[in-house]
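**Q** Got a structure for you, my_file-v4.txt, holding compact mmCIF, C-alpha atoms.
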# COMPACT_ATOMS: atom_id res chain seq x y z
CA ILE A 113 -69.15 111.71 47.22
CA ARG A 114 -68.72 113.62 43.95
CA ILE A 115 -66.55 116.28 45.59
CA ALA A 116 -64.41 113.58 47.22
CA SER A 117 -63.60 111.92 43.89
CA PRO A 118 -60.66 114.13 42.77
CA LEU A 119 -59.21 113.92 46.27
CA ILE A 120 -59.42 110.12 46.15
CA PHE A 121 -57.38 110.03 42.92
CA ALA A 122 -54.81 112.46 44.32
CA THR A 123 -54.59 110.71 47.69
CA MET A 124 -54.09 107.29 46.11
CA GLY A 125 -51.32 108.79 43.97
CA GLU A 126 -49.60 110.32 46.98
CA LEU A 127 -50.06 107.09 48.96
CA ILE A 128 -48.23 105.10 46.29
CA CYS A 129 -45.39 107.65 46.25
CA GLU A 130 -45.02 107.72 50.03
CA ARG A 131 -45.21 103.94 50.39
CA ALA A 132 -42.21 103.83 48.05
CA GLY A 133 -40.34 106.32 50.25
CA VAL A 134 -40.79 109.49 48.19
CA LEU A 135 -42.68 112.55 49.43
CA ASN A 136 -44.31 114.19 46.41
CA LEU A 137 -45.12 117.80 47.27
CA GLY A 138 -45.79 118.48 43.60
CA ILE A 139 -49.32 117.16 44.05
CA GLU A 140 -51.05 120.54 43.69
CA GLY A 141 -49.19 121.50 40.53
CA ILE A 142 -49.67 118.05 39.01
CA MET A 143 -53.42 118.32 39.63
CA VAL A 144 -53.41 121.73 37.92
CA ILE A 145 -51.54 120.43 34.85
CA GLY A 146 -53.95 117.48 34.73
CA ALA A 147 -56.94 119.81 34.90
CA PHE A 148 -55.55 122.00 32.13
CA THR A 149 -54.32 119.33 29.72
CA GLY A 150 -57.43 117.19 30.13
CA TRP A 151 -59.70 120.16 29.50
CA MET A 152 -57.64 121.42 26.56
CA ALA A 153 -57.54 117.97 24.93
CA VAL A 154 -61.33 117.70 25.06
CA TYR A 155 -61.72 121.31 23.90
CA GLN A 156 -59.52 120.49 20.90
CA GLY A 157 -61.83 117.63 19.93
CA MET A 158 -60.72 114.53 21.82
CA PRO A 159 -63.32 112.33 23.57
CA LEU A 160 -63.69 112.68 27.34
CA TRP A 161 -61.71 109.52 28.12
CA GLY A 162 -59.02 110.76 25.72
CA GLY A 163 -58.80 113.93 27.80
CA VAL A 164 -58.39 111.83 30.94
CA ALA A 165 -55.60 109.86 29.24
CA VAL A 166 -53.83 113.06 28.14
CA ALA A 167 -54.09 114.42 31.69
CA MET A 168 -52.62 111.20 33.09
CA ALA A 169 -49.76 111.32 30.58
CA ALA A 170 -48.99 114.93 31.53
CA GLY A 171 -48.99 114.00 35.21
CA MET A 172 -46.69 111.06 34.54
CA ALA A 173 -44.29 113.37 32.66
CA PHE A 174 -44.04 115.66 35.68
CA GLY A 175 -43.78 112.59 37.89
CA LEU A 176 -40.82 111.45 35.79
CA LEU A 177 -39.19 114.85 36.33
CA HIS A 178 -39.80 114.67 40.08
CA ALA A 179 -38.58 111.07 40.31
CA THR A 180 -35.45 111.71 38.25
CA LEU A 181 -34.39 114.64 40.41
CA THR A 182 -35.16 113.02 43.77
CA VAL A 183 -34.34 109.34 43.33
CA PRO A 184 -31.14 108.88 41.26
CA PHE A 185 -29.87 112.45 41.79
CA GLY A 186 -30.89 112.55 45.46
CA LEU A 187 -32.10 116.16 45.53
CA SER A 188 -34.34 117.41 48.33
CA GLN A 189 -37.84 115.98 47.94
CA HIS A 190 -39.33 119.10 49.52
CA VAL A 191 -37.57 121.54 47.20
CA VAL A 192 -38.19 119.48 44.06
CA GLY A 193 -41.86 119.00 44.96
CA LEU A 194 -42.41 122.72 45.42
CA GLY A 195 -40.50 123.38 42.19
CA VAL A 196 -42.70 120.92 40.30
CA THR A 197 -45.80 122.65 41.69
CA LEU A 198 -44.58 126.06 40.56
CA LEU A 199 -43.47 124.75 37.14
CA ALA A 200 -46.69 122.85 36.44
CA THR A 201 -48.94 125.71 37.59
CA SER A 202 -47.00 128.30 35.60
CA THR A 203 -46.86 126.08 32.52
CA SER A 204 -50.64 125.62 32.64
CA SER A 205 -51.32 129.34 33.01
CA PHE A 206 -48.83 130.35 30.30
CA THR A 207 -50.03 127.75 27.79
CA TYR A 208 -53.68 128.67 28.39
CA ARG A 209 -52.96 132.34 27.66
CA LEU A 210 -50.89 131.37 24.65
CA MET A 211 -53.56 129.13 23.13
CA LEU A 212 -56.58 131.29 23.98
CA PRO A 213 -55.28 134.88 24.09
CA GLU A 214 -58.62 136.63 23.54
CA VAL A 215 -60.71 134.53 25.92
CA THR A 216 -61.69 136.04 29.28
CA SER A 217 -63.29 132.89 30.74
CA PRO A 218 -62.71 129.23 29.77
CA PRO A 219 -65.05 127.90 27.06
CA LYS A 220 -67.29 125.11 28.26
CA ILE A 221 -66.81 121.48 27.30
CA GLU A 222 -69.30 118.64 27.51
CA PRO A 223 -68.69 116.94 30.88
CA PHE A 224 -69.19 113.32 31.93
CA LEU A 225 -72.88 112.69 32.52
CA PRO A 226 -74.18 110.81 35.58
CA LEU A 227 -74.69 107.09 35.07
CA ASP A 228 -77.80 105.83 36.80
CA ILE A 229 -77.56 102.24 38.00
CA PRO A 230 -81.01 100.72 37.40
CA LEU A 231 -83.17 100.17 40.50
CA LEU A 232 -80.37 101.18 42.90
CA SER A 233 -80.47 104.84 41.79
CA ASP A 234 -84.19 104.94 42.69
CA ILE A 235 -83.56 104.27 46.39
CA PRO A 236 -84.58 107.39 48.36
CA PHE A 237 -81.65 109.58 49.49
CA PHE A 238 -78.93 106.93 49.06
CA GLY A 239 -79.80 106.15 45.44
CA PRO A 240 -78.83 109.52 43.90
CA ALA A 241 -75.82 109.86 46.22
CA LEU A 242 -74.32 106.42 45.61
CA PHE A 243 -75.72 105.15 42.34
CA SER A 244 -76.20 108.22 40.15
CA GLN A 245 -72.62 109.45 39.68
CA THR A 246 -70.30 109.96 36.73
CA ALA A 247 -68.00 107.25 35.43
CA LEU A 248 -64.98 109.05 36.92
CA THR A 249 -66.53 108.96 40.39
CA TYR A 250 -67.05 105.21 40.13
CA ALA A 251 -63.49 104.94 38.77
CA ALA A 252 -62.14 106.79 41.83
CA PHE A 253 -63.54 104.17 44.18
CA ILE A 254 -62.32 101.35 41.93
CA VAL A 255 -58.84 102.92 41.99
CA ALA A 256 -58.93 103.07 45.80
CA ILE A 257 -59.84 99.36 46.04
CA LEU A 258 -57.29 98.43 43.38
CA THR A 259 -54.55 100.42 45.12
CA PHE A 260 -55.25 98.62 48.40
CA TRP A 261 -55.23 95.25 46.65
CA VAL A 262 -51.96 95.90 44.81
CA LEU A 263 -50.15 97.31 47.86
CA PHE A 264 -51.24 94.66 50.35
CA ARG A 265 -52.05 91.56 48.31
CA THR A 266 -49.42 91.34 45.56
CA PRO A 267 -45.64 90.82 45.37
CA LEU A 268 -45.35 94.20 43.60
CA GLY A 269 -47.10 95.91 46.51
CA LEU A 270 -44.80 94.17 48.97
CA ALA A 271 -41.78 95.40 47.00
CA ILE A 272 -43.13 98.97 46.93
CA ARG A 273 -43.76 98.98 50.67
CA ALA A 274 -40.39 97.38 51.37
CA VAL A 275 -38.53 99.92 49.24
CA GLY A 276 -40.03 102.67 51.38
CA GLU A 277 -39.27 100.98 54.69
CA ASN A 278 -36.10 98.96 54.11
CA PRO A 279 -34.37 99.64 50.77
CA SER A 280 -31.35 97.47 51.62
CA ALA A 281 -33.59 94.42 52.02
CA VAL A 282 -35.04 95.07 48.57
CA GLU A 283 -31.55 95.36 47.07
CA SER A 284 -30.55 92.08 48.70
CA GLN A 285 -33.39 90.42 46.76
CA GLY A 286 -31.96 91.68 43.49
CA LEU A 287 -34.66 94.30 42.90
CA SER A 288 -33.97 97.86 41.76
CA VAL A 289 -34.74 100.39 44.47
CA THR A 290 -34.37 103.22 41.96
CA GLY A 291 -36.69 101.57 39.43
CA LEU A 292 -39.39 100.80 41.99
CA ARG A 293 -39.33 104.28 43.47
CA MET A 294 -39.36 106.00 40.10
CA GLY A 295 -42.17 103.79 38.85
CA ALA A 296 -44.24 104.50 41.97
CA VAL A 297 -43.78 108.27 41.63
CA ILE A 298 -44.66 108.21 37.92
CA ILE A 299 -47.82 106.13 38.42
CA GLY A 300 -48.79 108.11 41.51
CA SER A 301 -48.37 111.40 39.65
CA GLY A 302 -50.55 110.10 36.84
CA LEU A 303 -53.35 109.43 39.33
CA MET A 304 -52.94 112.93 40.80
CA ALA A 305 -53.37 114.41 37.33
CA VAL A 306 -56.55 112.37 36.78
CA GLY A 307 -57.86 113.95 39.98
CA GLY A 308 -57.15 117.33 38.45
CA ALA A 309 -58.85 116.37 35.20
CA PHE A 310 -61.96 115.46 37.19
CA LEU A 311 -62.26 119.11 38.24
CA THR A 312 -62.52 120.40 34.67
Turn this file's structure into structure tokens for me.
**A**
Amino acid sequence: IRIASPLIFATMGELICERAGVLNLGIEGIMVIGAFTGWMAVYQGMPLWGGVAVAMAAGMAFGLLHATLTVPFGLSQHVVGLGVTLLATSTSSFTYRLMLPEVTSPPKIEPFLPLDIPLLSDIPFFGPALFSQTALTYAAFIVAILTFWVLFRTPLGLAIRAVGENPSAVESQGLSVTGLRMGAVIIGSGLMAVGGAFLT
């Protein structure tokens, strides 16, 4: 369950992008930039949740780059996605070496500690697996439920799904196809970066 958590964040991010009609192949690079910026923010003295927020902001910035190149400019989603992966990965590596030139292995930071849910965490076998996880693991499952609810139970979710399946119908309703797609890619990329931050 713990190991699945970063993949849940990343998958929910990619799901939002693809439902809006944009394939985001920058997922790996965005996870790397999220892992690096989240770790570096905490190493520089921010609280753990501040590091998660910094990681999400970094992911959203790369999502904005991806969305700008693919949606209004209409460039190849495959090429831009691979370019974003290379750019984000290289930026992380270069910045790490720039900020910590003499370090051979990353300094340790204080991670999220497991949160035991009273009584439930004492259940044999299932207790530690399900009810003795970190806050980010619980957040991953909340994000999955929230993503499902937004996509399939709200007008915004209907608009996002429609823009991926029938953009002309969305335009006929007076909604911005470009705005919806860009927003979905930016939010989705932010979630991918949180998945990366989980790793560090």
**Q** Can you work out the spacing between CA of Val306 (chain A) and CA of Met168 (chain A) in Å, to one decimal?
**A**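 Straight-line distance from CA of Val306 (chain A) to CA of Met168 (chain A) works out to 5.5 Å.
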**Q** How close does each residue of region 173-261 of chain A get to region 283-300 of chain A, giving the shortest atom pair and distance in Å to one decimal for every residue with an atom at most 6 Å away, counting only C-alpha atoms, sorted by chain and residue number, as JSON lines?
**A**
{"residue": "A:Gly175", "atom": "CA", "partner": "A:Ile298", "partner_atom": "CA", "distance": 4.5}
{"residue": "A:Leu176", "atom": "CA", "partner": "A:Ile298", "partner_atom": "CA", "distance": 5.5}
{"residue": "A:Ala179", "atom": "CA", "partner": "A:Met294", "partner_atom": "CA", "distance": 5.1}
**Q** Got time to write the residues from that selection, C-alpha atoms, as a compact mmCIF listing (two decimals), in the coordinates of the input?
**A**
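File out08.txt, as written:
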# COMPACT_ATOMS: atom_id res chain seq x y z
CA GLY A 175 -43.78 112.59 37.89
CA LEU A 176 -40.82 111.45 35.79
CA ALA A 179 -38.58 111.07 40.31
**Q** Which residue, A:Gly171, A:Gly150, A:Pro279, A:Gly193, has the smallest gap to Asn136 (chain A) when you use all atoms listed in the file?
**A**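 Counting all atoms listed in the file, the residue closest to Asn136 (chain A) is A:Gly193.
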**Q** Give me, please, the distance in Å between CA of Pro226 (chain A) and CA of Ser244 (chain A), quoted to one decimal.
**A**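 These two atoms are separated by 5.6 Å.
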**Q** Work out how far CA of Gly307 (chain A) is from CA of Met143 (chain A), in Å to one decimal.
**A**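 Distance reported for this atom pair: 6.2 Å.
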**Q** Could you check which of A:Gly133, A:Gly146, A:Gly308, A:Pro159 is closest to Pro223 (chain A), using all atoms listed in the file?
**A**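 Checking each candidate against Pro223 (chain A), we get A:Pro159 as the closest.
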**Q** Given only C-alpha atoms as the basis, pick out the residue of A:Leu119, A:Met211, A:Ala251, A:Val192 nearest to Trp161 (chain A).
**A** A:Ala251
